[in-house]
Amino acid sequence: MSRIVVHGLEKSYGDARVLERVNVTAEAGEFLSLVGASGCGKSTFLRILLGQEQQSGGVVVVGDQPIVPQPTPQRGIVFQRYSVFPHLTALQNLLLVEDFRSGGPFGRVFGVKRRNARQEADTMLERVGLAHARDLYPASLSGGMQQRLAIAQTLLGRPQILLLDEPFGALDPGIRVEMHELLTELWSEHGMTVVMVTHDISEAFKLGTRLLVFDKVRHDPQFPSAYGATITYDLKLDRKSRASARDVAKVAAMVGTTRLDSANATAAS
Amino acid sequence: MSRIVVHGLEKSYGDARVLERVNVTAEAGEFLSLVGASGCGKSTFLRILLGQEQQSGGVVVVGDQPIVPQPTPQRGIVFQRYSVFPHLTALQNLLLVEDFRSGGPFGRVFGVKRRNARQEADTMLERVGLAHARDLYPASLSGGMQQRLAIAQTLLGRPQILLLDEPFGALDPGIRVEMHELLTELWSEHGMTVVMVTHDISEAFKLGTRLLVFDKVRHDPQFPSAYGATITYDLKLDRKSRASARDVAKVAAMVGTTRLDSANATAAS
Amino acid sequence: AAPKKDFKICWSIYVGWMPWGYLSDSGIMKKWADKYGINVEITRINDYVESINQYTAGGFDGCSMTNMDALSIPAGGGVDTTALIVGDFSNGNDAVILKDKAALKDIAGQKVNLVELSVSHYLLARALDTVGLVEKDIAVVNTSDADMVAAYGTSDVTSVVTWNPLVSEIVAMPGAHKVFDSAQIPGEIIDLMVVNTETLKDNPALGKALVGAWYEAMALMTSGTPEGKAAKEEMAKASGTDLAGFDAQLASTAMFFEPVKAVDFTNGAELPKTMDLVRNFLFSHGILGTNAPSVDVIGMSFADGSTLGDAKNVKLRFDPAYMALAAAGTL
Amino acid sequence: MNAVPEGGAEVPRAPRRRPRLRLINATVSRGGALFLGALPFAAVAVAYLFASAQRLAVNPSDKLLPSPAQMWSAFLDLATVPDKRSGDLILWADTFASLVRLFAGVGVATLAALCLGVAIGFIPRVRAFLLPFVTVVCVIPPLAMLPILFIALGLGETAKITLIALGVAPVMVRDIANRVMELPPELVAKAQTLGANSWTMVLRLVLPQVTPRLITCVRLALGPAWLFLIAAEAIASTEGLGYRIFLVRRYLSMDVILPYVAWITLLAVITDWLLVRLSHVISPWAHPVQDK
Amino acid sequence: MNAVPEGGAEVPRAPRRRPRLRLINATVSRGGALFLGALPFAAVAVAYLFASAQRLAVNPSDKLLPSPAQMWSAFLDLATVPDKRSGDLILWADTFASLVRLFAGVGVATLAALCLGVAIGFIPRVRAFLLPFVTVVCVIPPLAMLPILFIALGLGETAKITLIALGVAPVMVRDIANRVMELPPELVAKAQTLGANSWTMVLRLVLPQVTPRLITCVRLALGPAWLFLIAAEAIASTEGLGYRIFLVRRYLSMDVILPYVAWITLLAVITDWLLVRLSHVISPWAHPVQDK
Ligand SMILES: Nc1ncnc2c1ncn2[C@@H]1O[C@H](COP(=O)(O)OP(=O)(O)OP(=O)(O)O)[C@@H](O)[C@H]1O
Ligand SMILES: Nc1ncnc2c1ncn2[C@@H]1O[C@H](COP(=O)(O)OP(=O)(O)OP(=O)(O)O)[C@@H](O)[C@H]1O
Ligand SMILES: [Mg+2]
Ligand SMILES: [Mg+2]
């Protein structure tokens with residue numbers, strides 16, 4: 001539904017440059033898998049796309065408009081450190097989506113709309129396997145359950161652009177497969193553009209239509225934060241056919257070896 | 001160094017039973033990999049072993065003593081939701097370990113001891129690839145970097161029993177392998193008993209000397225929290241030889257299919 | 001100001017002013033106000049200084065206060081004020097009390113706790129005069145009246161100057177000696193009901209109603225009837241004590257129960273002399289304004305038409321006309 | 001491979017005696033808590049009785065530390081003997097008058113804290129506009145402004161309620177604003193991705209999140225509120241707990257003052273307890289059940 | 001497969017005008033913040049000037065709302081003309097005396113808040129022992145207990161400092177205790193696994209974590225502290241800012257009171273600002289740099 005154009009993106013925190021010269025165009029409906037070394041700036045990239053943080057330089061266009069530095073319902077996010085609303089039960093967390101969407105003076109819907117929202121929420125709770133935990137507060141949920149709740153909440157929002165930061169990291173293999181199916185289903189149904197960060201290379205291959213690797217190309221051993229990461233690898237994937245083990249291994253090696261931190265550690269030792 | 005004996009362990013929160021009839025004995029120096037469905041009680045089990053929470057029933061013996069309901073330096077933990085001390089920089093977080101260990105009226109060490117501690121901390125920072133981030137506060141670290149810092153801190157404490165709750169979930173494949181090596185090295189050096197929860201079955205096979213699967217054996221579709229999980233599968237592993245793909249698939253299927261939540265979801269729909 | 005119908009006066013708790021509360025509760029005030037076709041609302045303000053401030057700021061048309069405060073606050077603040085009723089003067093109600101010392105001379109070199117710049121301060125200055133001391137010979141410590149009794153109980157405090165009912169409370173404590181009191185300077189600490197001059201000029205009915213009501217209460221108090229006793233009991237209760245305590249306080253107050261006496265006192269030759277002492281005290285303590293050029297900045301006028309201070313800036317007027325009406329029984 | 005749960009060969013015994021725990025982990029039983037909590041009160045009571053007996057032995061008419069019997073009889077008088085003038089039971093009339101003022105004042109302050117605090121904490125423009133002013137107002141001693149307050153508002157109930165509200169509101173406003181600024185930015189971002197606008201975020205995110213803190217704020221503000229109530233009643237009023245204390249203070253009637261203070265304390269403790277319960281009811285999520 | 005970064009075919013343009021942001025996201029520029037922040041002060045100043053001019057037109061020697069010129073000259077007098085009696089410059093002598101009392105009182109209260117607050121928040125036994133007592137003490141109006149305070153401590157500086165400390169400490173103690181109880185249990189557990197005992201945890205975990213809150217507490221307490229200072233100086237003293245205000249209140253010298261209140265406010269604002277700086281220096285981690 002919405003394309004994303006990133007051109008010459010830069011991001012620094014004080015002296016430390018995190019991202020530099022990031023150029024990428026994602027057509028509407030693409031599913032971008034992002035991989036890269038820990039700490040290279042993937043979450044930062046998502047936060048910029050979300051509008052939660054502002055880039056230091058470059059242009060980001062979402063849809064037809066240059067990005068506005070604030071989150072909008074056009075873009076949905078699942079944060080790396082799962083965050084749901086602690087003052088609401090699982091069910092209430094999902095009902096909140098319709099309440100927020102409808103706006104209104106009370107920030108909640110009533111009557112038929114509420115019943116519909118409730119049904120939808122219940123369906124979603126079952127799909128992510130939280131039906132039995134509908135009336136628990138997040139503090140009483142396990143890590144994986146909170147993560148699933150966060151995913152469910154974001155998916156209920158039906159964003160045009162979906163930003164996912166290691167969404168399935170805390171899930172067991174079984175539920176992870178189910179969540180893959182759920183995501184794929186919604187994706188093909190609504191055709192939203194997805195940007196997903198993951199550390200699981202086969203997951204990246206399995207879900208994405210395109211795989212991006214973030215890494216540093218320049219490196220200063222004395223002052224490792226002088227240069228930022230950029231996109232070093234951009235691979236079109238065929239979602240139908242399974243990725244070859246060779247490809248997976250190749251990407252894994254890429255993420256594993258050119259990683260800044262270890263390079264730095266090696267340089268220093 | 002210390003064996004763990006768990007007998008007839010039960011844990012309920014209010015009406016909801018999380019664990020029941022858990023029996024397991026871990027000899028000193030064993031490396032237990034724990035897998036199980038999301039929300040089945042693995043973290044709860046670790047919290048009980050740690051002494052942060054008290055069991056509702058049964059006996060837990062660590063070393064020769066029934067467990068005291070408080071954490072001690074005998075046992076180290078890496079929490080699922082990485083927690084380091086937010087008021088200390090990466091380096092200070094590691095120095096704190098020696099400060100706490102030595103006790104003393106000021107809660108910090110001075111002189112030679114401090115220099116040694118500093119050296120040790122620096123070495124550890126390099127080993128986990130955080131040398132360049134030594135003076136950053138946790139708020140400025142990425143998720144994976146915080147996780148590595150938490151692991152480094154716990155390892156520096158040299159506990160006799162090491163409790164790890166999805167320690168490598170937020171790490172990229174490259175650093176994950178390095179962390180595996182680091183852990184294995186320290187384990188064989190100090191021979192501590194390790195209990196590690198993970199959702200990565202091949203990681204469980206790779207690192208553990210024994211693999212435990214948590215799951216529910218009894219199930220009430222009307223009231224899913226009536227019964228708790230227990231250990232349904234207990235497998236001795238050979239760390240030297242690589243696990244067969246068949247074994248991995250078998251365990252993965254186990255975690256994937258008998259999972260309570262989906263069972264419940266299916267039952268309800 | 002144009003003539004109006006509704007008036008507000010305020011008073012605070014002090015033995016000589018307790019009748020004001022009774023007037024309002026018993027309906028006497030309403031009776032007199034109705035007679036002259038006006039409404040008078042009587043409000044009690046617990047804090048004495050606050051009541052004067054409220055009057056000065058224009059919140060009330062009349063207020064009970066001492067002659068000294070009438071000169072320093074409303075008159076000093078440019079509010080032309082008339083002393084409508086001269087109710088009493090302190091005749092022992094204010095006193096200098098020493099702990100474990102029996103002579104006023106012994107006060108030299110001590111710390112003296114009192115409400116600074118109040119009539120106590122004035123009393124102390126007059127007391128020091130009588131033994132040839134000056135304020136430099138002692139050290140004044142400002143102490144709030146509410147805390148005076150408790151303060152006297154501490155070992156830090158060796159001498160206090162204060163008023164009733166605090167005096168009787170303190171004198172009852174061990175070691176307390178009253179070494180000087182207002183009975184030794186009779187007629188200098190005068191308790192008044194003052195009203196805004198302009199308001200009074202435009203509304204003589206206010207003056208008549210207040211004076212009429214006041215002297216009805218005075219008559220009741222001295223009547224010796226059960227009603228009179230009941231009235232005094234109520235006043236006692238309202239001031240937080242009982243009849244005996246109230247009578248004891250009355251004993252050291254020279255009340256002008258008959259209007260004639262008040263008129264005589266106001267016409268007397270002593271009053272201008274007293275006011276001269278007072279204004280000199282105020283001026284030397286900087287209370288007439290931090291940049292008052294001389295003691296004459298504020299003018300006062302007396303019953304005989306004589307003035308003291310700046311005759312062009314008369315702000316405090318002693319006018320027995322209304323009390324004279326009461327004395328003549330023509331109200 | 002064996003699928004049978006292991007263990008059971010040697011069954012460990014349950015611990016015989018309670019293990020020694022670190023200070024911070026040693027929990028206290030219900031009874032123990034009651035006992036420990038009562039100790040300081042008992043100590044104060046004993047100290048008072050001792051000092052009082054000593055002073056009364058020296059001077060039987062000492063007023064500073066009256067005996068419990070004296071206080072009780074004075075208190076009973078106030079609570080049960082109707083006032084001759086008005087026919088009221090003084091204690092209850094005073095209590096009613098004071099509580100009305102107190103709750104009105106604190107209520108206004110709470111409302112202000114909620115509206116202003118949320119606006120200042122949540123909306124940068126309002127923050128830039130009002131925070132400096134509130135910070136400055138916060139430190140102006142209200143008692144010094146009393147004359148102006150009374151002249152502007154008269155001497156009626158309005159002025160008293162305003163004094164209480166002005167006295168406690170600024171601290172509450174700043175505290176609530178701080179809390180709102182401490183809200184995790186992830187939650188705010190997430191709400192916006194779900195289509196929330198500023199107003200719905202206030203309703204559904206900010207208010208519920210600050211409610212427990214607001215109640216704590218009110219609990220903390222009640223102490224100063226009583227203080228301002230007493231100060232206000234000391235200046236202008238004809239009934240009220242503070243007025244009564246003011247009235248008898250010049251006679252050093254501690255036999256009335258002390259029971260009144262105890263009574264105020266009791267009322268305040270009950271209010272505090274009710275607020276804690278309220279917080280549990282409104283925001284159960286903020287009070288997880290301890291299962292230690 | 002291509003390893004060359006993509007994009008660049010069509011270079012998007014930078015936005016021309018500032019986009020309209022939601023209320024809560026619209027940040028304020030430095031200049032804008034200054035302007036907005038100054039508005040309420042300007043409004044108050046204008047309102048005052050207007051009211052003052054009006055009253056003075058009616059009665060030129062009106063004392064309630066003096067003109068700025070009158071206040072300035074009165075203030076200059078106090079600040080530069082030595083007092084006839086003592087030879088002191090009154091303003092500075094008052095300021096010095098008051099600040100010593102204020103800081104001593106707040107210092108004692110802060111120390112108490114730190115020690116008691118941490119102990120109550122961290123150690124269940126101490127909590128059971130002291131929390132009920134502190135909760136009750138918190139609501140006893142200190143002014144009502146003054147007589148007893150005097151007798152115990154005399155009328156000197158000790159009593160004044162104690163009054164200030166007693167006035168502000170209970171709220172601070174409860175607040176710090178609350179904060180300590182809110183510490184994430186994971187951090188406490190982790191510290192214990194690293195070998196910390198209760199004491200070292202207090203030193204290295206609890207103290208650093210509550211320091212920013214403690215400073216906030218002190219900032220919030222300074223308002224009430226000034227109040228108690230003024231109340232304390234009203235009791236018995238010979239110099240001090242509160243003493244002067246009470247003294248000249250006797251003749252409604254608002255030309256002295258208002259500059260004094262403004263001076264107190266200025267001192268308080270400076271203190272507040274210094275405390276904020278201190279918090280940034282001591283606890284940089286609690287004040288992440290905003291990069292919006
Ligand atoms: N404080 C609590 N109150 C009530 N229920 C709780 C509480 N803590 C945990 N639970 C419940 O206990 C069950 C187990 O939680 P636990 O965190 O141990 O799961 P887990 O196996 O670690 O899951 P995950 O893999 O998702 O981390 C969950 O169903 C959760 O709802
Ligand atoms: N607020 C901040 N101030 C300073 N540096 C920051 C801040 N936030 C992030 N960084 C730095 O930016 C870099 C990238 O962080 P980011 O969270 O984007 O990494 P990531 O790629 O998501 O890593 P991970 O896989 O571990 O989550 C890190 O080196 C981090 O130290
Ligand atoms: Mg990240
Ligand atoms: Mg878990």
# chains A, B, ... in the order shown; residues from 1 in each chain; ligands from 1

$ residues_near_ligand --ligand "ligand 4" --cutoff "10 Å" --atoms "only C-alpha atoms and all ligand atoms" --output "list in words"
Leu141, Ser142, Gly143, Gly144, Met145, Ala170 and Leu171 of chain A; Gly36, Ala37, Ser38, Gly39, Cys40, Gly41, Lys42, Ser43, Thr44, Phe45, Leu46, Arg47, Phe79, Gln80, Arg81, Asp165, Glu166, Val197, Thr198 and His199 of chain B

$ interface_residues --of "chain D" --to "chain C" --cutoff "7 Å" --atoms "only C-alpha atoms" --output "mmCIF file with all heavy atoms, in the first residue's frame"
data_model
loop_
_atom_site.group_PDB
_atom_site.id
_atom_site.type_symbol
_atom_site.label_atom_id
_atom_site.label_comp_id
_atom_site.auth_asym_id
_atom_site.auth_seq_id
_atom_site.Cartn_x
_atom_site.Cartn_y
_atom_site.Cartn_z
ATOM 1 N N ILE D 151 -8.073 39.633 51.006
ATOM 2 C CA ILE D 151 -8.717 40.823 50.477
ATOM 3 C C ILE D 151 -9.337 40.530 49.117
ATOM 4 O O ILE D 151 -10.422 40.992 48.795
ATOM 5 C CB ILE D 151 -7.715 41.982 50.430
ATOM 6 C CG1 ILE D 151 -7.571 42.494 51.860
ATOM 7 C CG2 ILE D 151 -8.200 43.092 49.525
ATOM 8 C CD1 ILE D 151 -6.296 43.152 52.148
ATOM 9 N N ALA D 234 -7.404 29.616 61.772
ATOM 10 C CA ALA D 234 -6.917 30.464 62.850
ATOM 11 C C ALA D 234 -7.141 31.924 62.511
ATOM 12 O O ALA D 234 -7.155 32.777 63.391
ATOM 13 C CB ALA D 234 -5.441 30.198 63.101
ATOM 14 N N ILE D 235 -7.270 32.241 61.251
ATOM 15 C CA ILE D 235 -7.406 33.645 60.894
ATOM 16 C C ILE D 235 -8.856 34.079 60.870
ATOM 17 O O ILE D 235 -9.202 35.123 61.403
ATOM 18 C CB ILE D 235 -6.720 33.905 59.545
ATOM 19 C CG1 ILE D 235 -5.228 33.844 59.789
ATOM 20 C CG2 ILE D 235 -7.139 35.253 58.992
ATOM 21 C CD1 ILE D 235 -4.402 34.179 58.624
ATOM 22 N N ALA D 236 -9.684 33.327 60.272
ATOM 23 C CA ALA D 236 -11.064 33.767 60.210
ATOM 24 C C ALA D 236 -11.988 32.583 60.119
ATOM 25 O O ALA D 236 -12.071 31.951 59.069
ATOM 26 C CB ALA D 236 -11.269 34.673 58.994
ATOM 27 N N SER D 237 -12.617 32.248 61.231
ATOM 28 C CA SER D 237 -13.717 31.304 61.159
ATOM 29 C C SER D 237 -14.307 31.195 62.546
ATOM 30 O O SER D 237 -13.749 31.693 63.520
ATOM 31 C CB SER D 237 -13.259 29.940 60.667
ATOM 32 O OG SER D 237 -12.758 29.188 61.720
ATOM 33 N N LEU D 247 -8.211 28.814 69.431
ATOM 34 C CA LEU D 247 -8.917 29.533 70.491
ATOM 35 C C LEU D 247 -8.352 29.185 71.870
ATOM 36 O O LEU D 247 -8.147 30.063 72.697
ATOM 37 C CB LEU D 247 -10.404 29.191 70.417
ATOM 38 C CG LEU D 247 -11.316 29.983 71.337
ATOM 39 C CD1 LEU D 247 -11.305 31.444 70.915
ATOM 40 C CD2 LEU D 247 -12.735 29.438 71.276
ATOM 41 N N VAL D 248 -8.110 27.902 72.087
ATOM 42 C CA VAL D 248 -7.706 27.512 73.440
ATOM 43 C C VAL D 248 -6.191 27.545 73.616
ATOM 44 O O VAL D 248 -5.691 27.368 74.713
ATOM 45 C CB VAL D 248 -8.230 26.108 73.809
ATOM 46 C CG1 VAL D 248 -9.747 26.101 73.729
ATOM 47 C CG2 VAL D 248 -7.654 25.057 72.900
ATOM 48 N N ARG D 249 -5.481 27.813 72.504
ATOM 49 C CA ARG D 249 -4.036 27.764 72.600
ATOM 50 C C ARG D 249 -3.519 28.872 73.512
ATOM 51 O O ARG D 249 -2.544 28.704 74.224
ATOM 52 C CB ARG D 249 -3.449 27.921 71.201
ATOM 53 C CG ARG D 249 -2.009 27.514 71.126
ATOM 54 C CD ARG D 249 -1.621 27.231 69.698
ATOM 55 N NE ARG D 249 -0.335 27.829 69.417
ATOM 56 C CZ ARG D 249 0.051 28.226 68.240
ATOM 57 N NH1 ARG D 249 -0.748 28.092 67.205
ATOM 58 N NH2 ARG D 249 1.231 28.745 68.067
ATOM 59 N N ARG D 250 -4.179 30.018 73.501
ATOM 60 C CA ARG D 250 -3.675 31.116 74.325
ATOM 61 C C ARG D 250 -3.847 30.837 75.800
ATOM 62 O O ARG D 250 -3.233 31.492 76.624
ATOM 63 C CB ARG D 250 -4.341 32.420 73.913
ATOM 64 C CG ARG D 250 -5.832 32.387 74.041
ATOM 65 C CD ARG D 250 -6.439 33.672 73.566
ATOM 66 N NE ARG D 250 -6.368 33.783 72.113
ATOM 67 C CZ ARG D 250 -6.657 34.892 71.449
ATOM 68 N NH1 ARG D 250 -6.964 35.978 72.092
ATOM 69 N NH2 ARG D 250 -6.611 34.912 70.152
ATOM 70 N N TYR D 251 -4.720 29.883 76.142
ATOM 71 C CA TYR D 251 -4.840 29.487 77.549
ATOM 72 C C TYR D 251 -3.996 28.255 77.836
ATOM 73 O O TYR D 251 -4.081 27.689 78.902
ATOM 74 C CB TYR D 251 -6.295 29.190 77.900
ATOM 75 C CG TYR D 251 -7.221 30.343 77.664
ATOM 76 C CD1 TYR D 251 -8.010 30.392 76.533
ATOM 77 C CD2 TYR D 251 -7.287 31.401 78.564
ATOM 78 C CE1 TYR D 251 -8.851 31.457 76.289
ATOM 79 C CE2 TYR D 251 -8.125 32.470 78.337
ATOM 80 C CZ TYR D 251 -8.907 32.503 77.199
ATOM 81 O OH TYR D 251 -9.741 33.568 76.965
ATOM 82 N N LEU D 252 -3.236 27.827 76.863
ATOM 83 C CA LEU D 252 -2.415 26.617 76.976
ATOM 84 C C LEU D 252 -3.260 25.438 77.450
ATOM 85 O O LEU D 252 -2.859 24.670 78.304
ATOM 86 C CB LEU D 252 -1.253 26.856 77.941
ATOM 87 C CG LEU D 252 -0.055 25.905 77.781
ATOM 88 C CD1 LEU D 252 0.606 26.143 76.439
ATOM 89 C CD2 LEU D 252 0.953 26.101 78.887
#

$ interface_residues --of "chain B" --to "chain D" --cutoff "6 Å" --atoms "only C-alpha atoms" --output "list of chain:residue names"
B:Asn23, B:Val24, B:Thr25, B:Tyr233, B:Asp234, B:Leu235

$ interface_residues --of "chain D" --to "chain E" --cutoff "8 Å" --atoms "only C-alpha atoms" --output "ChimeraX atom specification"
/D:22-28,33-34,36-41,64,122-125,128-133,135-136,138-144,148,171,197-198,220,222-224,226-227,245,257,261-262,264-265,268-269

$ write_last_selection --atoms "C-alpha atoms" --output "mmCIF file, in the first residue's frame"
data_model
loop_
_atom_site.group_PDB
_atom_site.id
_atom_site.type_symbol
_atom_site.label_atom_id
_atom_site.label_comp_id
_atom_site.auth_asym_id
_atom_site.auth_seq_id
_atom_site.Cartn_x
_atom_site.Cartn_y
_atom_site.Cartn_z
ATOM 1 C CA ARG D 22 19.366 -11.478 54.626
ATOM 2 C CA LEU D 23 17.786 -8.401 56.245
ATOM 3 C CA ILE D 24 16.068 -7.322 53.073
ATOM 4 C CA ASN D 25 14.576 -10.741 52.432
ATOM 5 C CA ALA D 26 13.322 -11.489 55.905
ATOM 6 C CA THR D 27 9.610 -10.916 55.666
ATOM 7 C CA VAL D 28 7.500 -10.207 58.696
ATOM 8 C CA ALA D 33 4.066 -6.600 61.758
ATOM 9 C CA LEU D 34 1.266 -5.594 64.093
ATOM 10 C CA LEU D 36 6.462 -4.109 65.549
ATOM 11 C CA GLY D 37 4.230 -1.379 64.214
ATOM 12 C CA ALA D 38 2.674 -0.808 67.616
ATOM 13 C CA LEU D 39 6.035 -0.466 69.363
ATOM 14 C CA PRO D 40 6.826 3.162 68.479
ATOM 15 C CA PHE D 41 3.336 4.236 69.477
ATOM 16 C CA LEU D 64 1.319 21.458 79.490
ATOM 17 C CA PHE D 122 2.418 15.654 28.149
ATOM 18 C CA ILE D 123 2.285 18.701 25.892
ATOM 19 C CA PRO D 124 5.609 20.441 25.278
ATOM 20 C CA ARG D 125 3.965 23.761 24.473
ATOM 21 C CA ALA D 128 7.103 25.698 28.080
ATOM 22 C CA PHE D 129 4.214 27.977 28.936
ATOM 23 C CA LEU D 130 3.405 26.932 32.481
ATOM 24 C CA LEU D 131 6.237 24.975 34.051
ATOM 25 C CA PRO D 132 8.417 27.990 34.912
ATOM 26 C CA PHE D 133 5.425 29.730 36.417
ATOM 27 C CA THR D 135 7.910 26.225 39.635
ATOM 28 C CA VAL D 136 8.029 29.784 40.889
ATOM 29 C CA CYS D 138 5.524 26.526 44.154
ATOM 30 C CA VAL D 139 8.063 28.361 46.291
ATOM 31 C CA ILE D 140 6.075 31.474 47.138
ATOM 32 C CA PRO D 141 5.083 30.919 50.738
ATOM 33 C CA PRO D 142 1.271 31.152 50.642
ATOM 34 C CA LEU D 143 1.152 32.419 54.200
ATOM 35 C CA ALA D 144 3.046 35.534 53.170
ATOM 36 C CA ILE D 148 -3.810 39.734 49.507
ATOM 37 C CA VAL D 171 3.744 20.380 44.569
ATOM 38 C CA ASN D 197 -4.655 11.374 19.195
ATOM 39 C CA SER D 198 -3.457 13.562 22.033
ATOM 40 C CA LEU D 220 1.234 12.955 50.791
ATOM 41 C CA LEU D 222 -3.036 15.620 53.198
ATOM 42 C CA GLY D 223 -0.397 16.426 55.828
ATOM 43 C CA PRO D 224 0.292 19.933 54.507
ATOM 44 C CA TRP D 226 -4.277 19.951 57.471
ATOM 45 C CA LEU D 227 -1.619 22.511 58.213
ATOM 46 C CA ILE D 245 -7.101 24.727 68.735
ATOM 47 C CA ILE D 257 -5.412 20.603 72.149
ATOM 48 C CA VAL D 261 -4.606 16.694 67.580
ATOM 49 C CA ALA D 262 -5.158 12.995 68.226
ATOM 50 C CA ILE D 264 -7.170 15.006 63.585
ATOM 51 C CA THR D 265 -4.544 12.323 63.350
ATOM 52 C CA ALA D 268 -6.132 11.618 58.667
ATOM 53 C CA VAL D 269 -5.086 8.015 59.152
#

$ closest_atom_pairs --of "chain B" --to "ligand 2" --cutoff "12 Å" --atoms "only C-alpha atoms and all ligand atoms" --output "tab-separated table"
residue	atom	partner	partner_atom_place_in_ligand_line	distance
B:Tyr82	CA	ligand 2	26 (O)	11.6
B:Thr89	CA	ligand 2	31 (O)	11.6
B:Ala90	CA	ligand 2	31 (O)	10.7
B:Gly129	CA	ligand 2	29 (O)	11.0
B:Leu130	CA	ligand 2	29 (O)	9.2
B:Ala131	CA	ligand 2	29 (O)	11.2
B:His132	CA	ligand 2	29 (O)	8.8
B:Ala133	CA	ligand 2	31 (O)	6.7
B:Arg134	CA	ligand 2	31 (O)	10.1
B:Asp135	CA	ligand 2	31 (O)	10.2
B:Leu136	CA	ligand 2	31 (O)	7.3
B:Tyr137	CA	ligand 2	4 (C)	8.5
B:Pro138	CA	ligand 2	31 (O)	8.4
B:Ala139	CA	ligand 2	1 (N)	6.3
B:Ser140	CA	ligand 2	7 (C)	3.8
B:Leu141	CA	ligand 2	31 (O)	3.9
B:Ser142	CA	ligand 2	17 (O)	3.5
B:Gly143	CA	ligand 2	27 (O)	4.1
B:Gly144	CA	ligand 2	26 (O)	3.0
B:Met145	CA	ligand 2	26 (O)	5.1
B:Gln146	CA	ligand 2	26 (O)	7.5
B:Gln147	CA	ligand 2	26 (O)	7.9
B:Arg148	CA	ligand 2	26 (O)	8.8
B:Leu149	CA	ligand 2	26 (O)	11.0
B:Phe168	CA	ligand 2	26 (O)	10.7
B:Gly169	CA	ligand 2	25 (O)	10.0
B:Ala170	CA	ligand 2	25 (O)	6.4
B:Leu171	CA	ligand 2	25 (O)	6.1
B:Asp172	CA	ligand 2	25 (O)	6.5
B:Pro173	CA	ligand 2	25 (O)	10.4
B:Gly174	CA	ligand 2	25 (O)	11.3
B:Ile175	CA	ligand 2	26 (O)	10.1
B:Arg176	CA	ligand 2	25 (O)	11.2

$ select_by_dssp --residues "range 159-283 of chain C" --states "alpha helix (DSSP H)" --output "PyMOL selection string"
chain C and resi 166-171+197-202+204-222+226-238+243-251+259-267+270-283

$ select_by_dssp --residues "range 30-102 of chain B" --states "strand (DSSP E or B)" --output "NGL selection string"
:B and (31-36 or 57-62 or 65-66 or 75-78)

$ atom_distance --atom1 "atom 4 (C, counted along the ligand's line) of ligand 1" --atom2 "CA of Tyr13 in chain B"
4.8 Å

$ atom_distance --atom1 "CA of Ala47 in chain E" --atom2 "CA of Leu149 in chain D"
14.8 Å

$ residues_around --residues "Pro69 in chain B" --least-positions-apart "2" --cutoff "8 Å" --atoms "only C-alpha atoms" --output "MDAnalysis selection string"
(chainID B and resid 48 50:54 67 71) or (chainID D and resid 21)

$ residues_around --residues "Asp296 in chain C" --least-positions-apart "4" --cutoff "9 Å" --atoms "only C-alpha atoms" --output "PyMOL selection string"
chain C and resi 279+292+308-311

$ write_last_selection --atoms "N, CA and C atoms" --output "CSV table (one decimal), in the first residue's frame"
chain,number,residue,atom,x,y,z
C,279,ARG,N,2.4,58.7,68.9
C,279,ARG,CA,2.9,59.0,67.6
C,279,ARG,C,4.4,59.1,67.6
C,292,ALA,N,8.9,58.2,56.2
C,292,ALA,CA,8.1,59.3,56.8
C,292,ALA,C,9.1,60.4,57.2
C,308,LEU,N,-3.3,67.6,65.7
C,308,LEU,CA,-2.0,67.3,66.1
C,308,LEU,C,-1.4,66.8,64.8
C,309,GLY,N,-0.2,67.3,64.4
C,309,GLY,CA,0.4,66.9,63.2
C,309,GLY,C,-0.1,67.7,62.0
C,310,ASP,N,0.1,67.1,60.8
C,310,ASP,CA,-0.3,67.8,59.6
C,310,ASP,C,-1.8,68.1,59.5
C,311,ALA,N,-2.2,69.3,59.7
C,311,ALA,CA,-3.6,69.6,59.7
C,311,ALA,C,-4.2,69.4,58.3
